[in-house]
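See below for coords.pdb, which holds PDB, C-alpha atoms.
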```pdb
ATOM      1  CA  GLN L   1     121.965 147.823 102.276
ATOM      2  CA  HIS L   2     123.299 144.685 103.962
ATOM      3  CA  SER L   3     121.737 141.386 102.909
ATOM      4  CA  SER L   4     122.198 138.008 104.512
ATOM      5  CA  ILE L   5     123.506 135.035 102.559
ATOM      6  CA  LEU L   6     121.741 132.702 104.956
ATOM      7  CA  PRO L   7     118.408 131.359 103.742
ATOM      8  CA  GLY L   8     115.353 132.418 105.714
ATOM      9  CA  GLU L   9     111.845 130.996 105.928
ATOM     10  CA  GLU L  10     110.872 132.473 102.554
ATOM     11  CA  ALA L  11     113.832 130.828 100.804
ATOM     12  CA  PHE L  12     113.059 127.505 102.484
ATOM     13  CA  ALA L  13     109.387 127.729 101.457
ATOM     14  CA  ASP L  14     110.439 128.414  97.852
ATOM     15  CA  PHE L  15     112.891 125.501  97.909
ATOM     16  CA  LYS L  16     110.189 123.173  99.277
ATOM     17  CA  LYS L  17     107.780 124.369  96.570
ATOM     18  CA  GLN L  18     110.389 123.572  93.906
ATOM     19  CA  CYS L  19     110.962 120.115  95.408
ATOM     20  CA  LEU L  20     107.256 119.278  95.369
ATOM     21  CA  SER L  21     106.529 120.729  91.924
ATOM     22  CA  THR L  22     105.765 118.367  89.046
ATOM     23  CA  GLU L  23     105.678 121.041  86.344
ATOM     24  CA  ASN L  24     108.486 120.637  83.759
ATOM     25  CA  TRP L  25     109.662 117.312  85.249
ATOM     26  CA  ILE L  26     109.750 114.115  83.166
ATOM     27  CA  ASN L  27     110.053 110.669  84.728
ATOM     28  CA  LYS L  28     112.985 108.848  83.126
ATOM     29  CA  TYR L  29     113.259 105.812  85.396
ATOM     30  CA  ASP L  30     110.837 103.929  87.619
ATOM     31  CA  ARG L  31     111.891 100.475  88.766
ATOM     32  CA  ASP L  32     112.613  98.501  91.931
ATOM     33  CA  GLY L  33     111.430 101.273  94.238
ATOM     34  CA  MET L  34     113.582 103.982  92.651
ATOM     35  CA  GLN L  35     112.319 106.842  90.511
ATOM     36  CA  VAL L  36     114.377 109.438  88.632
ATOM     37  CA  TRP L  37     113.066 112.601  86.988
ATOM     38  CA  VAL L  38     114.803 115.278  84.914
ATOM     39  CA  GLU L  39     113.719 118.884  84.648
ATOM     40  CA  VAL L  40     112.972 120.084  81.123
ATOM     41  CA  GLN L  41     112.779 123.843  80.644
ATOM     42  CA  LYS L  42     110.580 124.948  77.777
ATOM     43  CA  ASN L  43     112.340 127.034  75.097
ATOM     44  CA  SER L  44     115.721 127.107  76.869
ATOM     45  CA  VAL L  45     118.815 125.037  77.495
ATOM     46  CA  PRO L  46     119.691 125.112  81.203
ATOM     47  CA  LYS L  47     123.211 125.812  82.426
ATOM     48  CA  VAL L  48     122.557 123.474  85.338
ATOM     49  CA  HIS L  49     120.709 120.228  84.764
ATOM     50  CA  LYS L  50     118.468 119.235  87.655
ATOM     51  CA  ILE L  51     117.568 115.677  88.539
ATOM     52  CA  ARG L  52     115.231 114.417  91.224
ATOM     53  CA  CYS L  53     115.440 110.950  92.727
ATOM     54  CA  LYS L  54     113.106 109.134  95.082
ATOM     55  CA  MET L  55     113.728 105.833  96.784
ATOM     56  CA  ALA L  56     111.701 103.869  99.316
ATOM     57  CA  ILE L  57     113.803 102.235 102.026
ATOM     58  CA  LYS L  58     111.800 100.121 104.445
ATOM     59  CA  ASP L  59     112.597 100.049 108.156
ATOM     60  CA  VAL L  60     114.758 103.215 108.100
ATOM     61  CA  SER L  61     113.414 106.482 109.479
ATOM     62  CA  ALA L  62     113.878 109.759 107.623
ATOM     63  CA  ALA L  63     115.910 111.125 110.562
ATOM     64  CA  THR L  64     118.307 108.158 110.490
ATOM     65  CA  MET L  65     118.660 108.409 106.711
ATOM     66  CA  TYR L  66     119.456 112.125 106.984
ATOM     67  CA  ASP L  67     122.114 111.525 109.648
ATOM     68  CA  VAL L  68     123.755 108.667 107.733
ATOM     69  CA  ILE L  69     123.887 110.608 104.461
ATOM     70  CA  HIS L  70     125.291 113.746 106.081
ATOM     71  CA  ASP L  71     127.996 112.047 108.171
ATOM     72  CA  GLY L  72     130.950 112.290 105.771
ATOM     73  CA  GLU L  73     133.306 110.073 107.775
ATOM     74  CA  TYR L  74     130.741 107.302 108.229
ATOM     75  CA  ARG L  75     129.616 107.598 104.615
ATOM     76  CA  LYS L  76     133.096 106.596 103.413
ATOM     77  CA  ARG L  77     132.496 103.185 105.037
ATOM     78  CA  TRP L  78     129.188 102.313 103.389
ATOM     79  CA  ASP L  79     128.990 104.315 100.131
ATOM     80  CA  PRO L  80     131.065 102.718  97.324
ATOM     81  CA  THR L  81     129.991 105.498  94.938
ATOM     82  CA  MET L  82     131.569 108.279  97.028
ATOM     83  CA  LEU L  83     134.677 109.682  95.368
ATOM     84  CA  GLU L  84     135.374 112.721  97.528
ATOM     85  CA  SER L  85     133.636 114.920 100.073
ATOM     86  CA  PHE L  86     134.663 117.886 102.184
ATOM     87  CA  ASP L  87     133.253 120.928 103.942
ATOM     88  CA  ILE L  88     133.930 124.302 102.353
ATOM     89  CA  ALA L  89     132.330 126.576 104.953
ATOM     90  CA  ARG L  90     129.909 126.437 107.874
ATOM     91  CA  LEU L  91     127.672 129.493 107.636
ATOM     92  CA  SER L  92     125.589 128.692 110.718
ATOM     93  CA  ASP L  93     124.419 125.702 112.741
ATOM     94  CA  ASN L  94     121.911 124.888 109.974
ATOM     95  CA  ALA L  95     123.683 126.095 106.838
ATOM     96  CA  ASP L  96     126.900 124.942 105.236
ATOM     97  CA  VAL L  97     128.585 124.733 101.862
ATOM     98  CA  GLY L  98     130.223 121.479 100.892
ATOM     99  CA  TYR L  99     131.631 119.489  98.004
ATOM    100  CA  TYR L 100     130.614 115.921  97.157
ATOM    101  CA  SER L 101     131.566 113.883  94.104
ATOM    102  CA  TRP L 102     130.360 110.393  93.301
ATOM    103  CA  VAL L 103     130.235 107.641  90.732
ATOM    104  CA  CYS L 104     126.682 107.975  89.455
ATOM    105  CA  PRO L 105     124.525 104.842  89.718
ATOM    106  CA  LYS L 106     122.473 103.560  86.804
ATOM    107  CA  PRO L 107     120.546 104.987  85.038
ATOM    108  CA  ILE L 108     122.445 108.238  85.645
ATOM    109  CA  LYS L 109     125.856 108.680  84.007
ATOM    110  CA  ASN L 110     128.847 110.785  85.098
TER     111      ASN L 110
END
```
Let me see whether you can do it: turn the structure in this file into structure tokens.
Amino acid sequence: QHSSILPGEEAFADFKKQCLSTENWINKYDRDGMQVWVEVQKNSVPKVHKIRCKMAIKDVSAATMYDVIHDGEYRKRWDPTMLESFDIARLSDNADVGYYSWVCPKPIKN
């Protein structure tokens, strides 16, 4: 049976549910409009550590923020933490695989 690697509505709904979940997340930083949480799995050591960050930026719409963050060429001009970024593959108009490395800001460490 052929299966698609592209995420559908069900995958997006699951991803959104994970993003909004507060279960197993511990707030590690909350200052100056920035919050950082880490996911703590009970009775296991994760192979991938997940972090969640939230920042309030006044006078910038979500659409503008999305465009600025996802424009790799423009990001090189304004993001001093960006080390390297490149596209690996474009799977569809709304799905791609990319690489991004950065110098982590406080309180996160590389």
Contacts of Cys53 (chain L) at 7 Å (all atoms listed in the file; same-chain gap of 2+ positions) as a PDB file with C-alpha atoms, in the frame of the given file:
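Below is the file that was written, result-v6.pdb:
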```pdb
ATOM      1  CA  GLN L  35     112.319 106.842  90.511  1.00  0.00           C
ATOM      2  CA  VAL L  36     114.377 109.438  88.632  1.00  0.00           C
ATOM      3  CA  TRP L  37     113.066 112.601  86.988  1.00  0.00           C
ATOM      4  CA  ILE L  51     117.568 115.677  88.539  1.00  0.00           C
ATOM      5  CA  MET L  55     113.728 105.833  96.784  1.00  0.00           C
TER       6      MET L  55
END
```
For a quick check of understanding, using only C-alpha atoms, which of L:Asn110, L:Ile88, L:Leu83, L:Ala95 has the smallest distance to Pro7 (chain L)? L:Ala95
Test item: the PyMOL selection byres ((chain L and resi 19) around 12) resolved as a PyMOL selection string: chain L and resi 12-18+20-25+37+39+50-54
Near region 66-81 of chain L, within 12 Å and counting only C-alpha atoms, which residues show up once chain neighbours fewer than 5 positions away are dropped, as a list in words?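 Listed by chain and then number, they are Val60, Ser61, Phe86, Asp87, Asp96, Gly98, Tyr99, Tyr100, Ser101, Trp102, Val103, Cys104, Pro105, Lys106 and Asn110 of chain L.
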Since we have the selection now, will you write its residues out, keeping C-alpha atoms, as a PDB file, in the frame of the given file?
```pdb
ATOM      1  CA  VAL L  60     114.758 103.215 108.100  1.00  0.00           C
ATOM      2  CA  SER L  61     113.414 106.482 109.479  1.00  0.00           C
ATOM      3  CA  PHE L  86     134.663 117.886 102.184  1.00  0.00           C
ATOM      4  CA  ASP L  87     133.253 120.928 103.942  1.00  0.00           C
ATOM      5  CA  ASP L  96     126.900 124.942 105.236  1.00  0.00           C
ATOM      6  CA  GLY L  98     130.223 121.479 100.892  1.00  0.00           C
ATOM      7  CA  TYR L  99     131.631 119.489  98.004  1.00  0.00           C
ATOM      8  CA  TYR L 100     130.614 115.921  97.157  1.00  0.00           C
ATOM      9  CA  SER L 101     131.566 113.883  94.104  1.00  0.00           C
ATOM     10  CA  TRP L 102     130.360 110.393  93.301  1.00  0.00           C
ATOM     11  CA  VAL L 103     130.235 107.641  90.732  1.00  0.00           C
ATOM     12  CA  CYS L 104     126.682 107.975  89.455  1.00  0.00           C
ATOM     13  CA  PRO L 105     124.525 104.842  89.718  1.00  0.00           C
ATOM     14  CA  LYS L 106     122.473 103.560  86.804  1.00  0.00           C
ATOM     15  CA  ASN L 110     128.847 110.785  85.098  1.00  0.00           C
TER      16      ASN L 110
END
```
Could you state the separation of CA of Pro107 (chain L) and CA of Ser85 (chain L) in Å, given to one decimal place?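 Computing it gives 22.3 Å between the two atoms.
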Mind working out the centre and edge lengths of an axis-aligned box for region 84-97 of chain L, all listed atoms inside, 3 Å added to each side, rounded to one decimal in Å and written as lines of an AutoDock Vina configuration file?
```
center_x = 128.6
center_y = 121.1
center_z = 105.1
size_x = 19.5
size_y = 22.8
size_z = 21.2
```
Would you mind reading off the distance between CA of Ala62 (chain L) and CA of Asn94 (chain L), one decimal, in Å? 17.3 Å
Using all atoms listed in the file, can you tell me which of L:Ala56, L:Glu10, L:Lys109, L:Val48 comes closest to Asp32 (chain L)? L:Ala56
Could you pull the residues within 9 Å of Leu91 (chain L), counting all atoms listed in the file, minus those fewer than 5 positions along the same chain, as a ChimeraX atom specification? /L:5-6,96-97
Could you rebuild region 49-61 of chain L with N, CA and C atoms and give me the result as a compact mmCIF listing (two decimals), keeping the file's coordinate frame?
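The result, written out as selection_33.txt:
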```txt
# COMPACT_ATOMS: atom_id res chain seq x y z
N HIS L 49 121.74 121.24 84.96
CA HIS L 49 120.71 120.23 84.76
C HIS L 49 120.29 119.69 86.13
N LYS L 50 118.99 119.70 86.38
CA LYS L 50 118.47 119.24 87.66
C LYS L 50 117.89 117.84 87.50
N ILE L 51 118.18 117.00 88.48
CA ILE L 51 117.57 115.68 88.54
C ILE L 51 116.93 115.52 89.91
N ARG L 52 115.93 114.68 89.97
CA ARG L 52 115.23 114.42 91.22
C ARG L 52 115.11 112.90 91.35
N CYS L 53 115.50 112.39 92.49
CA CYS L 53 115.44 110.95 92.73
C CYS L 53 114.60 110.67 93.96
N LYS L 54 113.91 109.55 93.93
CA LYS L 54 113.11 109.13 95.08
C LYS L 54 113.28 107.63 95.24
N MET L 55 113.52 107.23 96.48
CA MET L 55 113.73 105.83 96.78
C MET L 55 113.01 105.48 98.07
N ALA L 56 112.36 104.35 98.10
CA ALA L 56 111.70 103.87 99.32
C ALA L 56 112.62 102.86 99.99
N ILE L 57 112.96 103.15 101.25
CA ILE L 57 113.80 102.24 102.03
C ILE L 57 113.01 101.84 103.27
N LYS L 58 112.62 100.60 103.33
CA LYS L 58 111.80 100.12 104.44
C LYS L 58 112.64 100.02 105.71
N ASP L 59 111.99 100.23 106.83
CA ASP L 59 112.60 100.05 108.16
C ASP L 59 113.71 101.04 108.49
N VAL L 60 113.78 102.17 107.78
CA VAL L 60 114.76 103.22 108.10
C VAL L 60 114.00 104.53 108.18
N SER L 61 114.12 105.21 109.31
CA SER L 61 113.41 106.48 109.48
C SER L 61 114.09 107.58 108.66
```
